[in-house]
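The data block below is model.json; it holds JSON, C-alpha atoms.
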```json
[["chain", "number", "residue", "atom", "x", "y", "z"],
["A", 5, "MET", "CA", 16.36, -51.80, -99.55],
["A", 6, "ASP", "CA", 17.49, -50.73, -96.07],
["A", 7, "TYR", "CA", 16.05, -47.23, -95.70],
["A", 8, "ARG", "CA", 18.04, -46.72, -92.51],
["A", 9, "ASN", "CA", 21.20, -46.35, -94.61],
["A", 10, "ILE", "CA", 19.55, -43.66, -96.72],
["A", 11, "PHE", "CA", 18.58, -41.55, -93.71],
["A", 12, "HIS", "CA", 21.78, -42.18, -91.74],
["A", 13, "PRO", "CA", 23.60, -39.07, -93.06],
["A", 14, "LEU", "CA", 20.55, -36.94, -92.28],
["A", 15, "ARG", "CA", 20.47, -38.27, -88.72],
["A", 16, "GLU", "CA", 24.12, -37.36, -88.26],
["A", 17, "ILE", "CA", 23.53, -33.85, -89.57],
["A", 18, "ARG", "CA", 20.56, -33.53, -87.21],
["A", 19, "THR", "CA", 22.65, -34.73, -84.26],
["A", 20, "LYS", "CA", 25.46, -32.29, -85.05],
["A", 21, "TYR", "CA", 22.93, -29.47, -85.19],
["A", 22, "TYR", "CA", 21.54, -30.32, -81.75],
["A", 23, "ARG", "CA", 25.04, -30.69, -80.29],
["A", 24, "SER", "CA", 26.08, -27.30, -81.58],
["A", 25, "LEU", "CA", 22.89, -25.77, -80.19],
["A", 26, "TYR", "CA", 23.44, -27.43, -76.81],
["A", 27, "LYS", "CA", 26.98, -26.02, -76.62],
["A", 28, "SER", "CA", 26.00, -22.57, -77.84],
["A", 29, "GLU", "CA", 25.36, -19.41, -75.81],
["A", 30, "ARG", "CA", 21.69, -19.72, -76.74],
["A", 31, "PHE", "CA", 21.15, -22.89, -74.71],
["A", 32, "PRO", "CA", 20.91, -21.21, -71.26],
["A", 33, "ILE", "CA", 18.26, -18.85, -72.65],
["A", 34, "ILE", "CA", 16.33, -21.78, -74.10],
["A", 35, "LEU", "CA", 16.52, -23.66, -70.78],
["A", 36, "GLN", "CA", 15.30, -20.58, -68.93],
["A", 37, "ASN", "CA", 12.31, -20.03, -71.22],
["A", 38, "ASP", "CA", 11.37, -23.50, -72.51],
["A", 39, "ARG", "CA", 12.53, -26.47, -70.47],
["A", 40, "LYS", "CA", 10.92, -29.04, -72.75],
["A", 41, "ARG", "CA", 12.75, -27.71, -75.77],
["A", 42, "ALA", "CA", 16.03, -27.60, -73.84],
["A", 43, "PHE", "CA", 15.72, -31.22, -72.73],
["A", 44, "ASN", "CA", 14.79, -32.28, -76.25],
["A", 45, "ILE", "CA", 17.94, -30.59, -77.57],
["A", 46, "LEU", "CA", 20.03, -32.32, -74.91],
["A", 47, "TRP", "CA", 18.47, -35.73, -75.53],
["A", 48, "ASN", "CA", 19.05, -35.46, -79.29],
["A", 49, "SER", "CA", 22.64, -34.34, -78.83],
["A", 50, "ILE", "CA", 23.44, -37.32, -76.58],
["A", 51, "TYR", "CA", 21.02, -40.12, -77.47],
["A", 52, "LYS", "CA", 20.13, -39.09, -81.04],
["A", 53, "ARG", "CA", 16.40, -39.14, -80.35],
["A", 54, "ASP", "CA", 13.63, -36.96, -78.99],
["A", 55, "PHE", "CA", 12.83, -37.12, -75.31],
["A", 56, "PRO", "CA", 9.93, -39.56, -74.62],
["A", 57, "TRP", "CA", 7.60, -37.03, -73.00],
["A", 58, "GLU", "CA", 4.48, -39.19, -73.22],
["A", 59, "HIS", "CA", 6.02, -42.44, -71.99],
["A", 60, "PRO", "CA", 9.18, -41.99, -69.89],
["A", 61, "ALA", "CA", 10.24, -45.45, -68.73],
["A", 62, "THR", "CA", 13.78, -45.54, -67.34],
["A", 63, "LEU", "CA", 15.12, -43.95, -64.18],
["A", 64, "ASN", "CA", 17.03, -41.37, -66.24],
["A", 65, "GLU", "CA", 13.97, -40.51, -68.29],
["A", 66, "LYS", "CA", 11.74, -40.05, -65.26],
["A", 67, "ILE", "CA", 14.29, -37.93, -63.39],
["A", 68, "SER", "CA", 14.62, -35.68, -66.45],
["A", 69, "TRP", "CA", 10.84, -35.58, -66.95],
["A", 70, "MET", "CA", 10.37, -34.29, -63.38],
["A", 71, "SER", "CA", 13.22, -31.83, -63.80],
["A", 72, "ALA", "CA", 11.58, -30.35, -66.89],
["A", 73, "LEU", "CA", 7.87, -30.47, -66.05],
["A", 74, "THR", "CA", 7.42, -30.19, -62.28],
["A", 75, "ASP", "CA", 7.96, -27.50, -59.67],
["A", 76, "THR", "CA", 11.59, -27.95, -58.59],
["A", 77, "SER", "CA", 11.81, -25.06, -56.13],
["A", 78, "THR", "CA", 12.12, -27.50, -53.22],
["A", 79, "TRP", "CA", 14.91, -29.26, -55.10],
["A", 80, "SER", "CA", 16.75, -25.93, -55.26],
["A", 81, "GLN", "CA", 16.37, -25.38, -51.52],
["A", 82, "LEU", "CA", 17.62, -28.84, -50.60],
["A", 83, "THR", "CA", 20.39, -28.94, -53.20],
["A", 84, "ASP", "CA", 21.78, -25.72, -51.71],
["A", 85, "LYS", "CA", 24.53, -27.07, -49.45],
["A", 86, "TYR", "CA", 23.77, -24.52, -46.73],
["A", 87, "SER", "CA", 19.97, -24.24, -46.92],
["A", 88, "VAL", "CA", 19.58, -28.03, -46.69],
["A", 89, "ARG", "CA", 20.90, -27.85, -43.13],
["A", 90, "LYS", "CA", 17.62, -26.28, -41.97],
["A", 91, "TYR", "CA", 15.69, -29.18, -43.52],
["A", 92, "VAL", "CA", 17.91, -31.74, -41.77],
["A", 93, "GLU", "CA", 17.51, -29.90, -38.46],
["A", 94, "GLY", "CA", 13.73, -29.81, -38.95],
["A", 95, "LEU", "CA", 13.67, -33.60, -39.06],
["A", 96, "GLY", "CA", 15.43, -33.75, -35.69],
["A", 97, "LEU", "CA", 18.71, -34.85, -37.25],
["A", 98, "SER", "CA", 20.91, -31.88, -36.36],
["A", 99, "ASP", "CA", 23.42, -34.24, -34.73],
["A", 100, "ILE", "CA", 24.43, -35.64, -38.14],
["A", 101, "LEU", "CA", 25.33, -32.23, -39.59],
["A", 102, "PRO", "CA", 29.02, -31.40, -39.92],
["A", 103, "GLN", "CA", 30.05, -28.26, -38.04],
["A", 104, "CYS", "CA", 29.68, -25.09, -40.13],
["A", 105, "PHE", "CA", 32.25, -22.34, -39.47],
["A", 106, "GLY", "CA", 30.80, -19.64, -41.71],
["A", 107, "ILE", "CA", 28.78, -18.66, -44.78],
["A", 108, "TRP", "CA", 29.71, -15.76, -47.10],
["A", 109, "ASN", "CA", 28.36, -14.12, -50.26],
["A", 110, "CYS", "CA", 31.79, -13.29, -51.68],
["A", 111, "VAL", "CA", 35.39, -14.36, -51.11],
["A", 112, "SER", "CA", 36.44, -10.95, -49.78],
["A", 113, "ASP", "CA", 34.26, -11.60, -46.72],
["A", 114, "ILE", "CA", 36.20, -14.72, -45.70],
["A", 115, "ASN", "CA", 38.40, -14.12, -42.66],
["A", 116, "TYR", "CA", 40.84, -17.01, -42.57],
["A", 117, "ASP", "CA", 42.17, -15.89, -39.18],
["A", 118, "PHE", "CA", 38.91, -16.89, -37.53],
["A", 119, "LEU", "CA", 38.78, -20.33, -39.14],
["A", 120, "PRO", "CA", 40.28, -23.43, -37.47],
["A", 121, "SER", "CA", 43.55, -24.97, -38.64],
["A", 122, "SER", "CA", 41.74, -27.47, -40.89],
["A", 123, "PHE", "CA", 38.43, -27.14, -42.73],
["A", 124, "VAL", "CA", 36.71, -27.48, -46.11],
["A", 125, "LEU", "CA", 35.63, -24.56, -48.28],
["A", 126, "LYS", "CA", 32.87, -25.15, -50.82],
["A", 127, "CYS", "CA", 30.33, -23.28, -52.88],
["A", 128, "THR", "CA", 26.70, -23.86, -52.00],
["A", 129, "HIS", "CA", 25.29, -23.78, -55.55],
["A", 130, "ASP", "CA", 27.37, -26.18, -57.62],
["A", 131, "CYS", "CA", 29.39, -29.40, -57.70],
["A", 132, "ALA", "CA", 33.10, -30.16, -57.44],
["A", 133, "SER", "CA", 34.07, -26.82, -55.90],
["A", 134, "ALA", "CA", 35.27, -28.18, -52.55],
["A", 135, "ILE", "CA", 38.75, -27.16, -51.40],
["A", 136, "VAL", "CA", 40.25, -29.23, -48.58],
["A", 137, "ILE", "CA", 42.43, -27.29, -46.14],
["A", 138, "LYS", "CA", 44.44, -29.66, -43.96],
["A", 139, "ASP", "CA", 46.67, -26.97, -42.46],
["A", 140, "LYS", "CA", 45.89, -23.33, -43.16],
["A", 141, "ARG", "CA", 49.45, -22.27, -42.32],
["A", 142, "PHE", "CA", 50.52, -23.53, -45.74],
["A", 143, "ILE", "CA", 47.69, -22.26, -47.95],
["A", 144, "ASN", "CA", 47.78, -19.62, -50.64],
["A", 145, "GLU", "CA", 44.73, -17.48, -49.83],
["A", 146, "GLU", "CA", 44.94, -15.56, -53.09],
["A", 147, "GLU", "CA", 44.92, -18.76, -55.14],
["A", 148, "ILE", "CA", 42.02, -20.23, -53.15],
["A", 149, "ASN", "CA", 40.00, -17.03, -53.45],
["A", 150, "LYS", "CA", 40.57, -16.98, -57.21],
["A", 151, "LYS", "CA", 39.22, -20.53, -57.57],
["A", 152, "LEU", "CA", 36.19, -19.77, -55.41],
["A", 153, "SER", "CA", 35.53, -16.49, -57.25],
["A", 154, "ASP", "CA", 35.45, -18.39, -60.55],
["A", 155, "HIS", "CA", 32.88, -20.79, -59.13],
["A", 156, "ILE", "CA", 30.79, -18.02, -57.58],
["A", 157, "ALA", "CA", 30.67, -16.19, -60.92],
["A", 158, "THR", "CA", 29.31, -19.26, -62.71],
["A", 159, "VAL", "CA", 25.57, -19.95, -62.84],
["A", 160, "TYR", "CA", 25.66, -23.71, -62.41],
["A", 161, "GLY", "CA", 22.99, -25.80, -64.09],
["A", 162, "TYR", "CA", 22.86, -24.29, -67.57],
["A", 163, "LYS", "CA", 25.61, -26.41, -69.06],
["A", 164, "SER", "CA", 24.37, -29.60, -67.37],
["A", 165, "CYS", "CA", 20.69, -28.84, -68.09],
["A", 166, "GLU", "CA", 19.68, -28.90, -64.41],
["A", 167, "PRO", "CA", 17.32, -25.93, -64.04],
["A", 168, "HIS", "CA", 16.89, -26.20, -60.28],
["A", 169, "TYR", "CA", 20.58, -25.35, -59.80],
["A", 170, "THR", "CA", 20.24, -22.08, -61.73],
["A", 171, "THR", "CA", 18.07, -20.49, -59.01],
["A", 172, "ILE", "CA", 20.41, -21.23, -56.08],
["A", 173, "ILE", "CA", 22.15, -18.12, -54.72],
["A", 174, "PRO", "CA", 25.95, -18.64, -55.01],
["A", 175, "ARG", "CA", 27.62, -18.54, -51.60],
["A", 176, "ILE", "CA", 30.70, -19.96, -49.91],
["A", 177, "MET", "CA", 30.67, -22.00, -46.74],
["A", 178, "ALA", "CA", 33.30, -23.50, -44.46],
["A", 179, "GLU", "CA", 32.70, -26.89, -42.84],
["A", 180, "GLU", "CA", 34.71, -29.13, -40.59],
["A", 181, "LEU", "CA", 37.21, -31.46, -42.23],
["A", 182, "LEU", "CA", 35.99, -34.96, -41.44],
["A", 183, "ALA", "CA", 38.51, -37.53, -40.25],
["A", 184, "ASP", "CA", 39.74, -40.26, -42.62],
["A", 185, "ASN", "CA", 39.98, -43.41, -40.52],
["A", 186, "SER", "CA", 38.84, -46.00, -43.04],
["A", 187, "THR", "CA", 40.62, -49.36, -43.01],
["A", 188, "PHE", "CA", 40.24, -49.93, -46.77],
["A", 189, "SER", "CA", 40.14, -46.49, -48.40],
["A", 190, "SER", "CA", 42.80, -43.82, -48.83],
["A", 191, "SER", "CA", 40.08, -41.17, -48.48],
["A", 192, "LEU", "CA", 36.82, -40.48, -46.69],
["A", 193, "VAL", "CA", 34.22, -43.07, -47.76],
["A", 194, "ASP", "CA", 31.02, -41.64, -49.28],
["A", 195, "TYR", "CA", 27.82, -43.73, -49.15],
["A", 196, "LYS", "CA", 25.34, -42.53, -51.78],
["A", 197, "PHE", "CA", 21.87, -44.00, -51.22],
["A", 198, "PHE", "CA", 19.50, -44.04, -54.21],
["A", 199, "CYS", "CA", 16.02, -43.58, -52.76],
["A", 200, "ILE", "CA", 12.74, -44.08, -54.62],
["A", 201, "ASN", "CA", 9.49, -43.16, -52.88],
["A", 202, "GLY", "CA", 11.34, -42.90, -49.56],
["A", 203, "HIS", "CA", 12.90, -46.36, -49.85],
["A", 204, "VAL", "CA", 16.60, -47.14, -50.32],
["A", 205, "GLU", "CA", 17.08, -49.20, -53.48],
["A", 206, "CYS", "CA", 20.87, -49.44, -53.54],
["A", 207, "CYS", "CA", 24.04, -47.69, -52.44],
["A", 208, "MET", "CA", 26.98, -46.34, -54.42],
["A", 209, "VAL", "CA", 30.18, -46.41, -52.39],
["A", 210, "CYS", "CA", 32.88, -43.90, -53.37],
["A", 211, "TYR", "CA", 36.35, -44.52, -51.97],
["A", 212, "ASP", "CA", 40.04, -43.90, -52.72],
["A", 213, "ARG", "CA", 39.00, -40.44, -53.89],
["A", 214, "LYS", "CA", 41.56, -38.13, -55.48],
["A", 215, "ILE", "CA", 40.03, -34.69, -55.10],
["A", 216, "GLU", "CA", 42.66, -32.87, -57.14],
["A", 217, "GLU", "CA", 42.03, -35.18, -60.10],
["A", 218, "GLY", "CA", 38.28, -35.36, -59.59],
["A", 219, "LYS", "CA", 38.42, -39.16, -59.49],
["A", 220, "ALA", "CA", 37.19, -41.89, -57.17],
["A", 221, "THR", "CA", 36.60, -45.63, -57.27],
["A", 222, "LYS", "CA", 32.87, -46.41, -57.23],
["A", 223, "ASP", "CA", 30.94, -49.59, -56.60],
["A", 224, "LEU", "CA", 27.23, -50.36, -56.33],
["A", 225, "TYR", "CA", 25.89, -52.45, -53.44],
["A", 226, "ASN", "CA", 22.59, -53.97, -52.45],
["A", 227, "VAL", "CA", 21.82, -53.11, -48.85],
["A", 228, "HIS", "CA", 19.76, -56.16, -47.77],
["A", 229, "PRO", "CA", 22.01, -58.06, -47.65],
["A", 230, "TRP", "CA", 25.13, -55.93, -48.18],
["A", 231, "LYS", "CA", 26.43, -57.37, -51.44],
["A", 232, "LYS", "CA", 28.20, -56.03, -54.50],
["A", 233, "MET", "CA", 25.80, -55.70, -57.44],
["A", 234, "THR", "CA", 26.52, -57.53, -60.70],
["A", 235, "TRP", "CA", 23.94, -57.53, -63.51],
["A", 236, "GLU", "CA", 22.53, -54.23, -62.28],
["A", 237, "THR", "CA", 25.71, -52.30, -63.10],
["A", 238, "SER", "CA", 26.73, -50.94, -66.48],
["A", 239, "ALA", "CA", 29.77, -52.09, -68.44],
["A", 240, "PHE", "CA", 31.26, -48.66, -67.74],
["A", 241, "ASN", "CA", 31.03, -49.22, -64.00],
["A", 242, "GLN", "CA", 32.46, -52.73, -64.22],
["A", 243, "ARG", "CA", 35.53, -51.52, -66.14],
["A", 244, "GLN", "CA", 36.76, -49.44, -63.20],
["A", 245, "THR", "CA", 40.17, -50.47, -61.92],
["A", 246, "ASN", "CA", 41.35, -50.96, -58.34],
["A", 247, "ARG", "CA", 37.92, -52.10, -57.16],
["A", 248, "LYS", "CA", 37.73, -53.65, -53.71],
["A", 249, "ASP", "CA", 35.27, -55.63, -51.64],
["A", 250, "VAL", "CA", 33.82, -52.88, -49.49],
["A", 251, "PRO", "CA", 32.96, -54.11, -45.99],
["A", 252, "CYS", "CA", 29.49, -53.52, -44.67],
["A", 253, "PRO", "CA", 29.48, -50.20, -42.79],
["A", 254, "PRO", "CA", 29.03, -50.70, -39.03],
["A", 255, "ASN", "CA", 26.10, -48.29, -38.95],
["A", 256, "LEU", "CA", 24.36, -49.62, -42.06],
["A", 257, "GLU", "CA", 20.87, -49.78, -40.54],
["A", 258, "GLU", "CA", 21.22, -46.27, -39.13],
["A", 259, "LEU", "CA", 22.50, -45.01, -42.51],
["A", 260, "ILE", "CA", 19.49, -46.55, -44.27],
["A", 261, "SER", "CA", 17.05, -45.18, -41.69],
["A", 262, "ILE", "CA", 18.44, -41.65, -42.01],
["A", 263, "ALA", "CA", 18.50, -41.80, -45.82],
["A", 264, "GLU", "CA", 14.86, -42.87, -45.85],
["A", 265, "GLN", "CA", 13.85, -40.14, -43.39],
["A", 266, "LEU", "CA", 15.52, -37.49, -45.54],
["A", 267, "SER", "CA", 14.06, -38.86, -48.79],
["A", 268, "LYS", "CA", 10.48, -39.28, -47.54],
["A", 269, "GLY", "CA", 7.98, -37.45, -49.71],
["A", 270, "PHE", "CA", 10.19, -37.30, -52.80],
["A", 271, "PRO", "CA", 9.72, -39.63, -55.80],
["A", 272, "PHE", "CA", 13.50, -39.81, -56.18],
["A", 273, "VAL", "CA", 16.56, -38.39, -54.45],
["A", 274, "ARG", "CA", 20.08, -39.59, -53.77],
["A", 275, "VAL", "CA", 21.14, -39.06, -50.15],
["A", 276, "ASP", "CA", 24.88, -38.90, -49.48],
["A", 277, "LEU", "CA", 26.12, -39.85, -46.02],
["A", 278, "TYR", "CA", 29.40, -40.66, -44.29],
["A", 279, "ASP", "CA", 30.03, -43.29, -41.63],
["A", 280, "ILE", "CA", 32.96, -41.82, -39.74],
["A", 281, "MET", "CA", 35.18, -44.28, -37.91],
["A", 282, "ASP", "CA", 36.40, -42.45, -34.79],
["A", 283, "GLU", "CA", 36.15, -43.76, -31.24],
["A", 284, "LYS", "CA", 32.81, -45.15, -32.38],
["A", 285, "PRO", "CA", 30.99, -45.04, -35.75],
["A", 286, "LYS", "CA", 29.16, -41.78, -36.42],
["A", 287, "VAL", "CA", 26.84, -40.91, -39.30],
["A", 288, "VAL", "CA", 27.49, -37.51, -40.93],
["A", 289, "PHE", "CA", 25.32, -35.81, -43.55],
["A", 290, "GLY", "CA", 26.78, -35.05, -46.97],
["A", 291, "GLU", "CA", 24.16, -33.73, -49.39],
["A", 292, "MET", "CA", 20.93, -34.45, -51.28],
["A", 293, "THR", "CA", 21.00, -34.79, -55.06],
["A", 294, "PHE", "CA", 17.84, -34.88, -57.16],
["A", 295, "THR", "CA", 19.53, -35.19, -60.56],
["A", 296, "PRO", "CA", 22.72, -37.23, -60.06],
["A", 297, "HIS", "CA", 24.99, -36.97, -63.10],
["A", 298, "GLY", "CA", 22.50, -34.50, -64.53],
["A", 299, "GLY", "CA", 19.80, -37.19, -64.67],
["A", 300, "ARG", "CA", 21.93, -39.18, -67.09],
["A", 301, "LEU", "CA", 23.29, -41.89, -64.81],
["A", 302, "ASN", "CA", 25.65, -44.32, -66.53],
["A", 303, "CYS", "CA", 26.34, -46.57, -63.53],
["A", 304, "PHE", "CA", 23.26, -48.77, -64.03],
["A", 305, "SER", "CA", 22.70, -51.31, -66.78],
["A", 306, "ASP", "CA", 19.87, -50.66, -69.25],
["A", 307, "GLU", "CA", 17.91, -53.49, -67.63],
["A", 308, "TYR", "CA", 18.26, -52.01, -64.13],
["A", 309, "GLN", "CA", 17.40, -48.55, -65.46],
["A", 310, "HIS", "CA", 14.00, -50.00, -66.41],
["A", 311, "VAL", "CA", 13.64, -51.87, -63.10],
["A", 312, "LEU", "CA", 14.14, -48.64, -61.15],
["A", 313, "GLY", "CA", 12.03, -46.69, -63.62],
["A", 314, "ASP", "CA", 9.12, -49.07, -63.03],
["A", 315, "LYS", "CA", 9.33, -48.36, -59.29],
["A", 316, "LEU", "CA", 9.42, -44.59, -59.71],
["A", 317, "ASN", "CA", 5.96, -43.05, -59.86],
["A", 318, "ILE", "CA", 5.93, -39.59, -61.40],
["A", 319, "PRO", "CA", 2.96, -37.16, -61.26],
["A", 320, "MET", "CA", 1.84, -37.41, -64.90]]
```

Show me the file's structure as structure tokens.
Amino acid sequence: MDYRNIFHPLREIRTKYYRSLYKSERFPIILQNDRKRAFNILWNSIYKRDFPWEHPATLNEKISWMSALTDTSTWSQLTDKYSVRKYVEGLGLSDILPQCFGIWNCVSDINYDFLPSSFVLKCTHDCASAIVIKDKRFINEEEINKKLSDHIATVYGYKSCEPHYTTIIPRIMAEELLADNSTFSSSLVDYKFFCINGHVECCMVCYDRKIEEGKATKDLYNVHPWKKMTWETSAFNQRQTNRKDVPCPPNLEELISIAEQLSKGFPFVRVDLYDIMDEKPKVVFGEMTFTPHGGRLNCFSDEYQHVLGDKLNIPM
């Protein structure tokens, strides 16, 4: 007799219970008071199993383990899109920071008259809140302020189970709009370096981004040599359409060096950089992310998840 068939309905009931709890108004309170319980609820709702607290093995498991059981106050500081600038400056890398035109606690403080003709508005505490202003003569300030107010009013991190986001003070900042001079992409190219123990393991390249739709084409590359990854990527990543052969960025060695400087001292962090093609290539800082995709990355194959997990030493 196959006992798995007997218990299958019970497993489904259990999974539905955890999913409903994860989506409920109680979940933020649980995350605030008992991180282990919150992560266990999340893991059951997605993967139909308890979180492996005693023996985390994959990259996802170890990122989540650190998020739940270690002091993530530094993560909060460096995830904050404005506060991280001080960290970058402290490493002597102020020249890679995009120009900042202002920082405000609420939308009513923004004075559009004193901003340049083009810029980017973004919240400092969340993801996907950036608003690109190519020509402020044609913007609807009321509509923009409404969008930003909605983001400011949201405590990011509860829904995604990323506790370090919940302690970041919501603010709005304006940065320079970086030039799009890529020869192969319809948008600014984003190089996301996955760093373990201060060493770049691979790079995710995001190009042909459609900000309004929240979409972009993504490919994973080895950096030495620059080569598109194959077995390391998940089936999900391989099914993406309109994929291209991304040329090696002119400043690859500088990009790697900067990513490793910024990631030094952290077991894991993803460092996002741009290689702007103007009169000459210039590296520009993007952000630092300690829990990409909420610590539930689906871009790597199961096999590569374990390869990276073996390299990541966590303070157990």

(request) Fewer than 3 positions away in the same chain doesn't count, so skip those; otherwise give me all residues within 12 Å of A:Pro285, counting all atoms listed in the file, as a PyMOL selection string. (result) chain A and resi 100+183+185-186+253-256+258-259+278-282+288

(request) Extract, using all atoms listed in the file, all DNA, RNA and protein residues at most 8 Å from A:Glu205, discarding same-chain residues fewer than 5 positions from it, and format them as a PyMOL selection string. (result) chain A and resi 197-200+226-227

Once you count only C-alpha atoms, what closest atom pair and distance in Å to one decimal does each residue of stretch 244-284 of chain A within 12 Å of stretch 82-86 of chain A have, with rows by chain and rising residue number, as CSV?
```
residue,atom,partner,partner_atom,distance
A:Leu266,CA,A:Leu82,CA,10.2
A:Ser267,CA,A:Leu82,CA,10.8
A:Phe270,CA,A:Leu82,CA,11.5
A:Val273,CA,A:Thr83,CA,10.3
A:Arg274,CA,A:Thr83,CA,10.7
A:Val275,CA,A:Thr83,CA,10.6
A:Asp276,CA,A:Thr83,CA,11.5
```

(request) Could you check how far atom CA of A:Ser238 sits from atom CA of A:Asp130, in Å to one decimal? (result) 26.3 Å

(request) Please provide as a PyMOL selection string all residues within 7 Å of stretch 167-175 of chain A, with the sequence filter that same-chain residues fewer than 3 positions apart are discarded (counting only C-alpha atoms). (result) chain A and resi 76-77+79-80+84+107-110+127-129+156+159-162

(message) One number please: atom CA of A:Thr158 to atom CA of A:Pro32, in Å, one decimal.
(response) 12.1 Å

Reconstruct stretch 197-212 of chain A at the level of N, CA, C and O atoms, and format the result as a compact mmCIF listing (two decimals), keeping the file's coordinate frame.
```txt
# COMPACT_ATOMS: atom_id res chain seq x y z
N PHE A 197 23.05 -43.14 -51.23
CA PHE A 197 21.87 -44.00 -51.22
C PHE A 197 20.84 -43.50 -52.24
O PHE A 197 20.35 -42.37 -52.15
N PHE A 198 20.52 -44.36 -53.19
CA PHE A 198 19.50 -44.04 -54.21
C PHE A 198 18.13 -44.41 -53.64
O PHE A 198 17.85 -45.59 -53.38
N CYS A 199 17.31 -43.39 -53.43
CA CYS A 199 16.02 -43.58 -52.76
C CYS A 199 14.87 -43.29 -53.72
O CYS A 199 14.82 -42.23 -54.35
N ILE A 200 13.94 -44.24 -53.81
CA ILE A 200 12.74 -44.08 -54.62
C ILE A 200 11.53 -44.21 -53.70
O ILE A 200 11.40 -45.19 -52.97
N ASN A 201 10.67 -43.18 -53.73
CA ASN A 201 9.49 -43.16 -52.88
C ASN A 201 9.83 -43.39 -51.40
O ASN A 201 9.12 -44.09 -50.68
N GLY A 202 10.95 -42.80 -50.96
CA GLY A 202 11.34 -42.90 -49.56
C GLY A 202 11.94 -44.22 -49.16
O GLY A 202 12.08 -44.50 -47.96
N HIS A 203 12.33 -45.04 -50.14
CA HIS A 203 12.90 -46.36 -49.85
C HIS A 203 14.26 -46.49 -50.52
O HIS A 203 14.41 -46.18 -51.70
N VAL A 204 15.26 -46.94 -49.77
CA VAL A 204 16.60 -47.14 -50.32
C VAL A 204 16.60 -48.34 -51.26
O VAL A 204 16.23 -49.45 -50.86
N GLU A 205 17.01 -48.11 -52.51
CA GLU A 205 17.08 -49.20 -53.48
C GLU A 205 18.48 -49.79 -53.57
O GLU A 205 18.63 -51.00 -53.75
N CYS A 206 19.50 -48.96 -53.47
CA CYS A 206 20.87 -49.44 -53.54
C CYS A 206 21.80 -48.33 -53.06
O CYS A 206 21.36 -47.21 -52.76
N CYS A 207 23.07 -48.66 -52.95
CA CYS A 207 24.04 -47.69 -52.44
C CYS A 207 25.28 -47.69 -53.33
O CYS A 207 25.83 -48.75 -53.65
N MET A 208 25.70 -46.50 -53.73
CA MET A 208 26.98 -46.34 -54.42
C MET A 208 28.03 -45.95 -53.39
O MET A 208 27.84 -44.97 -52.66
N VAL A 209 29.10 -46.71 -53.32
CA VAL A 209 30.18 -46.41 -52.39
C VAL A 209 31.34 -45.78 -53.17
O VAL A 209 31.82 -46.36 -54.15
N CYS A 210 31.76 -44.60 -52.74
CA CYS A 210 32.88 -43.90 -53.37
C CYS A 210 34.06 -43.90 -52.40
O CYS A 210 33.92 -43.43 -51.27
N TYR A 211 35.19 -44.42 -52.85
CA TYR A 211 36.35 -44.52 -51.97
C TYR A 211 37.63 -44.28 -52.78
O TYR A 211 37.59 -44.14 -54.01
N ASP A 212 38.75 -44.21 -52.09
CA ASP A 212 40.04 -43.90 -52.72
C ASP A 212 39.90 -42.68 -53.63
O ASP A 212 40.38 -42.65 -54.77
```
